[in-house]
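One structure is given below, encoded as structure tokens.
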Amino acid sequence: RKTIDQAVGGSDILPLLDAQVAPASDTSEFDWEYRREIFLVAAAKVREQVDTVAWQCFWETVVLGRSIDDVAKQWNRSRGSVYTARSRIMRRLKQKVERLDEGGSP
């Protein structure tokens with residue numbers, strides 16, 4: 001006679017369970033949110049310090065993934081100026097993120 005809590009069946013489900021991806025831990029989710037917030041603060045500060053068109057060229061090519069050619073054409077810039085803007089802004093962002101991550105002021 002079976003009780004209500006008695007398991008039934010074989011182990012056919014075990015390979016399926018083993019194949020499931022483990023959910024992200026709270027720590028990795030926290031780390032991701034922390035990194036995201038630092039990036040957003042750094043981006044806001046750097047955006048205030050650079051030319052508006054240079055920022056748009058950076059944002060559209062790096063963050064939105066648009067092509068250099070499309071963005072250069074849209075903003076009436078050369079490919080070289082788009083690459084230069086990206087490089088300079090990425091360098092500033094990296095420095096700002098490092099400073100914030102070390103507990104410094106934005």
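In the structure tokens, each chain is lettered A, B, ... as it comes, each chain's residues begin at 1, and ligands are numbered from 1 in order of appearance.
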message: Just want the 9 Å neighbourhood of Arg86 (chain A), counted on only C-alpha atoms, with same-chain residues fewer than 5 positions away dropped. Output as a list in words.
response: Ala54, Trp55, Cys57, Phe58, Trp59, Thr61, Val62, Ser81 and Arg91 of chain A
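Excluding Ile68 (chain A) itself and same-chain residues fewer than 4 positions from it, the residues having an atom within 7 Å of it are Thr61, Ala72, Arg79 and Val82 of chain A, counting only C-alpha atoms.
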message: I'd like the interatomic distance between CA of Arg92 (chain A) and CA of Trp32 (chain A), to a tenth of an Å.
response: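 These two atoms are separated by 20.9 Å.
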I'd like the neighbourhood of Lys96 (chain A) as an mmCIF file with all heavy atoms, in the first residue's frame, where a residue qualifies if any of its atoms comes within 9 Å (using only C-alpha atoms), though same-chain residues fewer than 4 positions away should be ignored.
```
data_model
loop_
_atom_site.group_PDB
_atom_site.id
_atom_site.type_symbol
_atom_site.label_atom_id
_atom_site.label_comp_id
_atom_site.auth_asym_id
_atom_site.auth_seq_id
_atom_site.Cartn_x
_atom_site.Cartn_y
_atom_site.Cartn_z
ATOM 1 N N ILE A 38 27.574 51.127 -11.629
ATOM 2 C CA ILE A 38 28.830 51.861 -11.778
ATOM 3 C C ILE A 38 28.972 52.358 -13.210
ATOM 4 O O ILE A 38 29.357 53.504 -13.450
ATOM 5 C CB ILE A 38 30.035 50.994 -11.351
ATOM 6 C CG1 ILE A 38 30.096 50.944 -9.834
ATOM 7 C CG2 ILE A 38 31.336 51.545 -11.927
ATOM 8 C CD1 ILE A 38 31.268 50.213 -9.270
ATOM 9 N N PHE A 39 28.659 51.505 -14.178
ATOM 10 C CA PHE A 39 28.736 51.931 -15.579
ATOM 11 C C PHE A 39 27.803 53.107 -15.848
ATOM 12 O O PHE A 39 28.185 54.084 -16.492
ATOM 13 C CB PHE A 39 28.402 50.779 -16.529
ATOM 14 C CG PHE A 39 28.269 51.251 -17.952
ATOM 15 C CD1 PHE A 39 29.391 51.514 -18.710
ATOM 16 C CD2 PHE A 39 27.019 51.464 -18.514
ATOM 17 C CE1 PHE A 39 29.272 51.982 -20.014
ATOM 18 C CE2 PHE A 39 26.888 51.931 -19.812
ATOM 19 C CZ PHE A 39 28.018 52.190 -20.567
ATOM 20 N N VAL A 41 26.604 55.397 -13.789
ATOM 21 C CA VAL A 41 27.105 56.620 -13.152
ATOM 22 C C VAL A 41 28.284 57.165 -13.951
ATOM 23 O O VAL A 41 28.357 58.367 -14.246
ATOM 24 C CB VAL A 41 27.500 56.361 -11.678
ATOM 25 C CG1 VAL A 41 28.252 57.549 -11.095
ATOM 26 C CG2 VAL A 41 26.260 56.044 -10.852
ATOM 27 N N ALA A 42 29.218 56.294 -14.303
ATOM 28 C CA ALA A 42 30.386 56.719 -15.078
ATOM 29 C C ALA A 42 29.960 57.286 -16.430
ATOM 30 O O ALA A 42 30.462 58.329 -16.862
ATOM 31 C CB ALA A 42 31.340 55.536 -15.272
ATOM 32 N N ALA A 43 29.021 56.623 -17.086
ATOM 33 C CA ALA A 43 28.552 57.082 -18.397
ATOM 34 C C ALA A 43 27.914 58.459 -18.302
ATOM 35 O O ALA A 43 28.145 59.324 -19.152
ATOM 36 C CB ALA A 43 27.572 56.072 -18.988
ATOM 37 N N LYS A 45 28.577 60.808 -16.135
ATOM 38 C CA LYS A 45 29.635 61.798 -15.903
ATOM 39 C C LYS A 45 30.436 62.068 -17.179
ATOM 40 O O LYS A 45 30.718 63.214 -17.519
ATOM 41 C CB LYS A 45 30.574 61.341 -14.781
ATOM 42 C CG LYS A 45 29.917 61.331 -13.436
ATOM 43 C CD LYS A 45 29.493 62.726 -13.041
ATOM 44 C CE LYS A 45 28.840 62.740 -11.687
ATOM 45 N NZ LYS A 45 28.327 64.056 -11.328
ATOM 46 N N VAL A 46 30.814 61.014 -17.871
ATOM 47 C CA VAL A 46 31.596 61.187 -19.102
ATOM 48 C C VAL A 46 30.765 61.904 -20.159
ATOM 49 O O VAL A 46 31.273 62.778 -20.862
ATOM 50 C CB VAL A 46 32.119 59.824 -19.618
ATOM 51 C CG1 VAL A 46 32.727 59.961 -21.006
ATOM 52 C CG2 VAL A 46 33.136 59.250 -18.639
ATOM 53 N N ARG A 91 38.090 55.047 -23.173
ATOM 54 C CA ARG A 91 39.196 55.222 -22.235
ATOM 55 C C ARG A 91 38.723 56.002 -21.004
ATOM 56 O O ARG A 91 39.004 55.624 -19.867
ATOM 57 C CB ARG A 91 40.369 55.932 -22.917
ATOM 58 C CG ARG A 91 41.586 56.045 -22.020
ATOM 59 C CD ARG A 91 42.795 56.677 -22.715
ATOM 60 N NE ARG A 91 42.498 58.017 -23.213
ATOM 61 C CZ ARG A 91 42.442 58.360 -24.510
ATOM 62 N NH1 ARG A 91 42.676 57.454 -25.443
ATOM 63 N NH2 ARG A 91 42.167 59.592 -24.875
ATOM 64 N N ARG A 92 37.971 57.076 -21.220
ATOM 65 C CA ARG A 92 37.444 57.865 -20.097
ATOM 66 C C ARG A 92 36.497 57.032 -19.234
ATOM 67 O O ARG A 92 36.541 57.102 -18.006
ATOM 68 C CB ARG A 92 36.693 59.091 -20.602
ATOM 69 C CG ARG A 92 37.581 60.199 -21.040
ATOM 70 C CD ARG A 92 36.720 61.395 -21.406
ATOM 71 N NE ARG A 92 37.556 62.533 -21.724
ATOM 72 C CZ ARG A 92 37.104 63.753 -21.841
ATOM 73 N NH1 ARG A 92 35.814 64.015 -21.676
ATOM 74 N NH2 ARG A 92 37.901 64.738 -22.140
ATOM 75 N N LEU A 100 35.428 54.699 -9.585
ATOM 76 C CA LEU A 100 34.212 54.422 -8.813
ATOM 77 C C LEU A 100 34.285 53.078 -8.110
ATOM 78 O O LEU A 100 33.858 52.935 -6.972
ATOM 79 C CB LEU A 100 32.987 54.457 -9.724
ATOM 80 C CG LEU A 100 32.567 55.831 -10.226
ATOM 81 C CD1 LEU A 100 31.554 55.697 -11.346
ATOM 82 C CD2 LEU A 100 32.019 56.665 -9.086
ATOM 83 N N ASP A 101 34.847 52.094 -8.792
ATOM 84 C CA ASP A 101 34.952 50.745 -8.223
ATOM 85 C C ASP A 101 35.889 50.727 -7.024
ATOM 86 O O ASP A 101 35.724 49.918 -6.111
ATOM 87 C CB ASP A 101 35.428 49.775 -9.292
ATOM 88 C CG ASP A 101 35.141 48.328 -8.943
ATOM 89 O OD1 ASP A 101 34.156 48.076 -8.227
ATOM 90 O OD2 ASP A 101 35.896 47.448 -9.399
ATOM 91 N N SER A 105 35.231 59.216 -5.887
ATOM 92 C CA SER A 105 34.067 60.018 -6.283
ATOM 93 C C SER A 105 33.937 60.017 -7.793
ATOM 94 O O SER A 105 34.920 59.856 -8.500
ATOM 95 C CB SER A 105 34.212 61.444 -5.768
ATOM 96 O OG SER A 105 35.314 62.062 -6.392
ATOM 97 N N PRO A 106 32.704 60.191 -8.285
ATOM 98 C CA PRO A 106 32.482 60.195 -9.736
ATOM 99 C C PRO A 106 33.147 61.369 -10.359
ATOM 100 O O PRO A 106 33.605 61.485 -11.350
ATOM 101 C CB PRO A 106 30.974 60.300 -9.890
ATOM 102 C CG PRO A 106 30.382 60.338 -8.544
ATOM 103 C CD PRO A 106 31.490 60.349 -7.543
#
```
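Taking CA of Ser67 (chain A) and CA of Thr84 (chain A) as endpoints, the distance between them is 14.5 Å.
Here CA of Ala44 (chain A) is placed at a distance of 24.4 Å from CA of Asp70 (chain A).
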